[in-house]
Each structure stands twice: as C-alpha cells, then as structure tokens.
Amino acid sequence: MREIKAREITGAVAGLCIEACSVLGPDWWQAMAAALAREEAPLGRDILQQLQENARLAAGSGEPICQDTGVVVVFVEVGQEVHVTGGNLYEAINAGVRQGYLEGYLRKSVVGDPLLRKNTGDNTPAIIHTEIVDGDRLKITVAPKGAGSENMSGVKMLKPADGVAGIKKYVLQVVEEAGGNPCPPIVAGVGIGGNLEKAPYLAKKALLRPLGQRHPLSHVAALEEELLAVINATGIGPQGLGGRVTALDVHIEIYPTHIASLPVAVNLQCHAARHATAIL
Amino acid sequence: MLSITTPLDEATARSLKAGDQVLISGTILTGRDAAHQRMVETLRAGGELPVDLRDQIIYYVGPCPARPGKVVGSAGPTTSGRMDAYAPLLIREKGLRGMIGKGGRSPEVIRAMQEAGAVYFLATGGAGALLARHIKKATVVAYADLGPEAIYRLEVEEFPVIVGIDCQGNDLYASGRAKYRREVSP
C-alpha cells in the first residue's frame, strides 16, 4: 500500500485550479489556428483573433482566461493500492480548491444552497468524480466549468428506434438552441448509453480528451466527424454572430445500456477548453 | 470603428446600427442576476434604486477579484438572457440606455429597446483578460454584500463592443447566422 498525504493532494489541486484557469493546452492553440484558417466571416475572424490574444495575455500574466472560473469539476482516478493519510480525500480536494481560488484571485461562483443562493465565499464544494483503478497512483484532473456553457447542456432519453439519426437530431437541437450563449466556438461533449445519470457523466468526461483526437472505435469516430460537420453548417459561428466555425470539436464517449434505452447527453464547453492534470 | 462616451443620449443610441464596432469610454455600471433581482424588487415595492440609470450603460459582468496592483480581475460578459425578466422595466421606467453582454435577448427586451431608444452591445464572451485591460477604475457603489454580483462603477477606456441589437430591433444574431447557414441533412 502506497501512502499519499492529504496535504499533498491539497497542494496539487490548488495549483491545478490556477493553471487550468489561465493556461490552455497546445491542442487548443492548434484547433484555434485551424479555425481561423477556415473561418470566412470577417467578424468571426476578428473574434477568433481576440480569443487568441486573450489566451496569450492570460497565459503570460497568470490571469484567468475568463472571469467565470466556474464550479470545479474534479476527476480522480484512485489506484486501489493507494492509502490517503492525514485526512479525507474529498476534504483534501476541497481544501485545494479553497486555497487555489484565494491565491489565484479566481472568482468564487458557488452558492451553498440552490434555493437560498448565498455564496460560499471560497468556491467549494467541488463536484468530485472518483474512479477506482489498478496501481498505486492518484491521477487528478481539474476542469473548471463555467455556467454560460453548462446551462446550455442537456440530456434526453431516446428510444432505441430513434437510433443514430435521433442522436444527431438531438445534439443539433441542443447546439441550435444554445446559439451564441455558450461562447462558441464550442466543444461538444456527447455521452451515449448508460442510464439517466451515466450519460451526462460521459459527456463531461468526453470534454477532457485533447482536441483533434478521435474516439478509438471507428463507428464512434465517424459519428464525431459527422456531428462536427452538421454543427458547423448551422452558421452560428464565433460568439453566435455567424460563421463557418461553430465547434472546434465533437467528442463522444459511449457505455453499455439497457435493451430499452438510448440515453444521450450533450455537455457544451465554451471555446476555453480548460483542464489540468497531475499524477501523484 | 465608432467611438462613444458615456452618458449615452437617446439620439446617439438611435444612430447606432447592428454590426457597428464601437469603442466605449467613460463610466459604465455593472450588474447581473442578483443585483437585477434586487433592483426590480425594490422598484416594485415602491423604493428607489441606489444608482441613477438614466442614460447609463449596464455591463452584465461578475469580475474576478483584482490582483495586487490591478484595478479588476478578468471581466468578460455573462449571458444576458438571464437578465431579460428585469431589463424592460429598467429601460422603460428608469431610462437605462445601454446593456453590454453576450447572447440573444427576448422579444420583450427588444420591444422595450425600440420604444425607449436603448442599445444592446456585445462584448466577446470569454475574453475576460483582454477586456479587463480597458477598465481603468472599479468602485463598488451598491449591494456590496453580493460579492462578484455587486454593482460596480467602472471607468473604461476604448472598451471594445459590437452593436448586437439596435434601436430598430435589428438583431445581429439572426442576420449573421442566416448568412452562413448551410443546408446539410443530419
């Protein structure tokens, strides 16, 4: 059994919160360069250039890319040979969020009770997903998610008879209704299968995949390509003001489901596909 | 590229057209969900607002905290649609002349804008670090208890926006999207 101290987890999470909010990965820069190369709308091109300039400024100064530094979604892969000492795993993660959001001058956007709506003041609690895996390591991915894009997401229980055509129709419907609200060019995470709560989890997880990387299964990869083409034909464009580039990418994750079910979830991500990972 | 200074009078507002790129200098106010809810509840209860909105522009934003030596943190627009329930009252009864945000507006807001001569500006969503550089001063003027949702007075210099919906009701979202839509059967 390998021991990992709770305070190491706290330190790592704090650093990941700050990094994820201010630095975008090389895949994002490539995707944006490709988007600029195919965008025909003059205003759309202006906006893409502004977003690149904004990302440069943020990465250079450590400022957040966007003022909505989100609710922190944390994906933790816990090796089954790991023993967390000196505290509780979830408390250690929340302490990291508290520290990162204070030290990084990030916006605290969490209200403690959805009805009473009083800000918790430290951006906790995070939304934590844990998965038990083989090995003796802890892999932590921090993905701050803003409400502009999250609010435009959706889930629907389709019928098996709706098939792939039904899936495409629903994904397109979510993107069309979202329009300019989620700050396009978006990344669309799509979860297919599982049940009511599994599909949105898959959709969110799909957003973590590097832009431009296709699903390993060819029929799923083909559906990603088709959906990307259909979304980019909507004309929504950068910021919803018209253009050829509505989405930077579409990522699909799938899971076995019931003979009677075809759940589909769409989690929209704004242009800032923020996430950062550490392995302890 | 046009330049305007605040306060924004009705004649200037009515001269702006959807798609115009505009640099705003002067003073603007901030306000988002909770501040709007409180303002409208105050008015409905017969009270007075803590700020005078006549010929003013409200920026829908909840900035990040300022780092040492800075006046404000990242400060991009939030989704305007959430303020649609409150905006018509502020436009019609309090003379609000402009709004800065992102995303579409409801027919009720557009109708109020047409009648009163108010403009809806768009700032680039997600460009918070870039936009913060055009904010020279930030002071909380009301509802300090709301934290990032408090009402701030911002002094801005050449703050870059696009006219999204003008006083005639022309909507850049509708026209832009129609121009680039392609027929693809899903």
# chains A, B, ... in the order shown; residues from 1 in each chain; ligands from 1

call {"tool": "interface_residues", "arguments": {"of": "chain B", "to": "chain A", "cutoff": "6 Å", "atoms": "only C-alpha atoms", "output": "PyMOL selection string"}}
result
chain B and resi 63-65+74-76+103+125-130+173+176-177+180-182

call {"tool": "residues_around", "arguments": {"residues": "region 111-116 of chain A", "least_positions_apart": "4", "cutoff": "12 Å", "atoms": "only C-alpha atoms", "output": "list of chain:residue names"}}
result
A:Gly70, A:Val71, A:Thr120, A:Gly121, A:Asp122, A:Asn123, A:Thr124, A:Pro125, A:Ala126, B:Ala34, B:Leu146, B:Gly147, B:Pro148, B:Glu149

call {"tool": "write_last_selection", "arguments": {"atoms": "N, CA, C and O atoms", "output": "compact mmCIF listing (two decimals), in the first residue's frame"}}
result
# COMPACT_ATOMS: atom_id res chain seq x y z
N GLY A 70 -15.80 29.29 -12.84
CA GLY A 70 -16.60 28.09 -12.76
C GLY A 70 -16.78 27.39 -11.44
O GLY A 70 -16.29 27.79 -10.40
N VAL A 71 -17.52 26.30 -11.56
CA VAL A 71 -17.57 25.30 -10.50
C VAL A 71 -16.42 24.35 -10.83
O VAL A 71 -16.17 24.07 -12.00
N THR A 120 -20.76 30.69 -1.08
CA THR A 120 -19.98 30.04 -0.02
C THR A 120 -18.68 30.80 0.24
O THR A 120 -18.02 30.58 1.25
N GLY A 121 -18.30 31.66 -0.70
CA GLY A 121 -17.15 32.54 -0.49
C GLY A 121 -15.80 31.93 -0.81
O GLY A 121 -14.79 32.63 -0.83
N ASP A 122 -15.75 30.63 -1.08
CA ASP A 122 -14.45 30.02 -1.37
C ASP A 122 -14.51 29.03 -2.54
O ASP A 122 -13.59 28.26 -2.76
N ASN A 123 -15.58 29.10 -3.27
CA ASN A 123 -15.81 28.25 -4.45
C ASN A 123 -15.95 26.77 -4.14
O ASN A 123 -15.92 25.94 -5.05
N THR A 124 -16.09 26.38 -2.89
CA THR A 124 -16.37 24.97 -2.57
C THR A 124 -17.87 24.83 -2.32
O THR A 124 -18.54 25.82 -2.04
N PRO A 125 -18.40 23.63 -2.40
CA PRO A 125 -17.68 22.39 -2.69
C PRO A 125 -17.46 22.17 -4.19
O PRO A 125 -18.22 22.67 -5.01
N ALA A 126 -16.40 21.41 -4.48
CA ALA A 126 -16.17 20.98 -5.86
C ALA A 126 -17.11 19.82 -6.16
O ALA A 126 -17.71 19.24 -5.26
N ALA B 34 -28.33 38.69 -9.36
CA ALA B 34 -28.85 39.05 -8.03
C ALA B 34 -29.09 40.55 -7.92
O ALA B 34 -30.06 40.98 -7.29
N LEU B 146 -23.24 41.32 -2.19
CA LEU B 146 -23.42 40.32 -3.26
C LEU B 146 -22.08 39.84 -3.84
O LEU B 146 -22.06 39.02 -4.75
N GLY B 147 -20.97 40.34 -3.34
CA GLY B 147 -19.67 39.88 -3.80
C GLY B 147 -19.46 40.17 -5.27
O GLY B 147 -19.59 41.32 -5.70
N PRO B 148 -19.19 39.13 -6.10
CA PRO B 148 -18.96 39.38 -7.53
C PRO B 148 -20.20 39.91 -8.25
O PRO B 148 -20.11 40.40 -9.36
N GLU B 149 -21.36 39.84 -7.58
CA GLU B 149 -22.59 40.33 -8.20
C GLU B 149 -22.95 41.75 -7.75
O GLU B 149 -24.00 42.27 -8.11

call {"tool": "atom_distance", "arguments": {"atom1": "CA of Val156 (chain B)", "atom2": "CA of Arg274 (chain A)"}}
result
28.3 Å

call {"tool": "closest_atom_pairs", "arguments": {"of": "region 76-144 of chain B", "to": "region 38-49 of chain B", "cutoff": "12 Å", "atoms": "only C-alpha atoms", "output": "CSV"}}
result
residue,atom,partner,partner_atom,distance
B:Met83,CA,B:Val40,CA,10.8
B:Asp84,CA,B:Val40,CA,11.8
B:Ala85,CA,B:Val40,CA,9.4
B:Tyr86,CA,B:Val40,CA,6.4
B:Ala87,CA,B:Val40,CA,9.0
B:Pro88,CA,B:Val40,CA,10.3
B:Leu89,CA,B:Val40,CA,7.6
B:Leu90,CA,B:Val40,CA,7.9
B:Ile91,CA,B:Val40,CA,11.5
B:Glu93,CA,B:Leu43,CA,9.5
B:Lys94,CA,B:Leu49,CA,9.2
B:Val141,CA,B:Leu49,CA,11.4
B:Ala142,CA,B:Leu49,CA,9.4
B:Tyr143,CA,B:Arg38,CA,8.8

call {"tool": "write_last_selection", "arguments": {"atoms": "N, CA and C atoms", "output": "PDB file, in the first residue's frame"}}
result
ATOM      1  N   MET B  83     -31.022  38.183 -17.672  1.00  0.00           N
ATOM      2  CA  MET B  83     -31.493  39.489 -17.192  1.00  0.00           C
ATOM      3  C   MET B  83     -32.746  39.949 -17.958  1.00  0.00           C
ATOM      4  N   ASP B  84     -33.230  39.117 -18.874  1.00  0.00           N
ATOM      5  CA  ASP B  84     -34.369  39.512 -19.713  1.00  0.00           C
ATOM      6  C   ASP B  84     -35.633  39.819 -18.900  1.00  0.00           C
ATOM      7  N   ALA B  85     -35.809  39.131 -17.796  1.00  0.00           N
ATOM      8  CA  ALA B  85     -37.011  39.339 -16.978  1.00  0.00           C
ATOM      9  C   ALA B  85     -37.013  40.728 -16.338  1.00  0.00           C
ATOM     10  N   TYR B  86     -35.827  41.310 -16.162  1.00  0.00           N
ATOM     11  CA  TYR B  86     -35.712  42.578 -15.422  1.00  0.00           C
ATOM     12  C   TYR B  86     -35.480  43.789 -16.334  1.00  0.00           C
ATOM     13  N   ALA B  87     -34.837  43.558 -17.496  1.00  0.00           N
ATOM     14  CA  ALA B  87     -34.381  44.682 -18.327  1.00  0.00           C
ATOM     15  C   ALA B  87     -35.502  45.625 -18.798  1.00  0.00           C
ATOM     16  N   PRO B  88     -36.672  45.112 -19.263  1.00  0.00           N
ATOM     17  CA  PRO B  88     -37.685  46.042 -19.794  1.00  0.00           C
ATOM     18  C   PRO B  88     -38.103  47.123 -18.796  1.00  0.00           C
ATOM     19  N   LEU B  89     -38.242  46.754 -17.527  1.00  0.00           N
ATOM     20  CA  LEU B  89     -38.651  47.730 -16.503  1.00  0.00           C
ATOM     21  C   LEU B  89     -37.579  48.822 -16.348  1.00  0.00           C
ATOM     22  N   LEU B  90     -36.306  48.409 -16.324  1.00  0.00           N
ATOM     23  CA  LEU B  90     -35.222  49.379 -16.138  1.00  0.00           C
ATOM     24  C   LEU B  90     -35.108  50.303 -17.352  1.00  0.00           C
ATOM     25  N   ILE B  91     -35.373  49.764 -18.535  1.00  0.00           N
ATOM     26  CA  ILE B  91     -35.306  50.576 -19.767  1.00  0.00           C
ATOM     27  C   ILE B  91     -36.458  51.573 -19.803  1.00  0.00           C
ATOM     28  N   GLU B  93     -38.779  52.486 -17.364  1.00  0.00           N
ATOM     29  CA  GLU B  93     -39.077  53.384 -16.236  1.00  0.00           C
ATOM     30  C   GLU B  93     -37.869  54.118 -15.680  1.00  0.00           C
ATOM     31  N   LYS B  94     -36.668  53.583 -15.913  1.00  0.00           N
ATOM     32  CA  LYS B  94     -35.501  54.220 -15.297  1.00  0.00           C
ATOM     33  C   LYS B  94     -34.531  54.799 -16.332  1.00  0.00           C
ATOM     34  N   VAL B 141     -20.474  50.426  -5.850  1.00  0.00           N
ATOM     35  CA  VAL B 141     -21.376  51.528  -5.497  1.00  0.00           C
ATOM     36  C   VAL B 141     -22.659  51.058  -4.809  1.00  0.00           C
ATOM     37  N   ALA B 142     -22.968  49.774  -4.897  1.00  0.00           N
ATOM     38  CA  ALA B 142     -24.167  49.277  -4.209  1.00  0.00           C
ATOM     39  C   ALA B 142     -24.127  47.756  -4.076  1.00  0.00           C
ATOM     40  N   TYR B 143     -24.893  47.260  -3.127  1.00  0.00           N
ATOM     41  CA  TYR B 143     -25.056  45.820  -2.912  1.00  0.00           C
ATOM     42  C   TYR B 143     -23.711  45.098  -2.703  1.00  0.00           C
TER      43      TYR B 143
END

call {"tool": "residues_around", "arguments": {"residues": "region 156-163 of chain A", "least_positions_apart": "5", "cutoff": "12 Å", "atoms": "only C-alpha atoms", "output": "list in words"}}
result
Lys168, Lys169, Tyr170, Val171, Gln173, Val174, Val190, Gly191, Ile192, Gly193, Gly194, Asn195, Leu196, Glu197, Lys198, Ala199, Pro200, Thr257, His258, Ile259, Ala260, Ser261, Leu262, Pro263, Val264, Ala265, Val266 and Asn267 of chain A

call {"tool": "residues_around", "arguments": {"residues": "Gly86 (chain A)", "least_positions_apart": "3", "cutoff": "12 Å", "atoms": "only C-alpha atoms", "output": "number ranges by chain"}}
result
A: 3-10, 83, 89, 91-92

call {"tool": "select_by_dssp", "arguments": {"residues": "region 108-201 of chain A", "states": "alpha helix (DSSP H)", "output": "list in words"}}
result
Ala147, Gly148, Ser149, Glu150, Gly163, Val164, Ala165, Gly166, Ile167, Lys168, Lys169, Tyr170, Val171, Leu172, Gln173, Val174, Val175, Glu176, Glu177, Ala178, Lys198, Ala199, Pro200 and Tyr201 of chain A

call {"tool": "atom_distance", "arguments": {"atom1": "CA of Gln30 (chain A)", "atom2": "CA of Gly73 (chain B)"}}
result
27.0 Å

call {"tool": "residues_around", "arguments": {"residues": "Gly212 (chain A)", "least_positions_apart": "4", "cutoff": "8 Å", "atoms": "only C-alpha atoms", "output": "list of chain:residue names"}}
result
A:Asp27, A:Ala31, A:Asp249
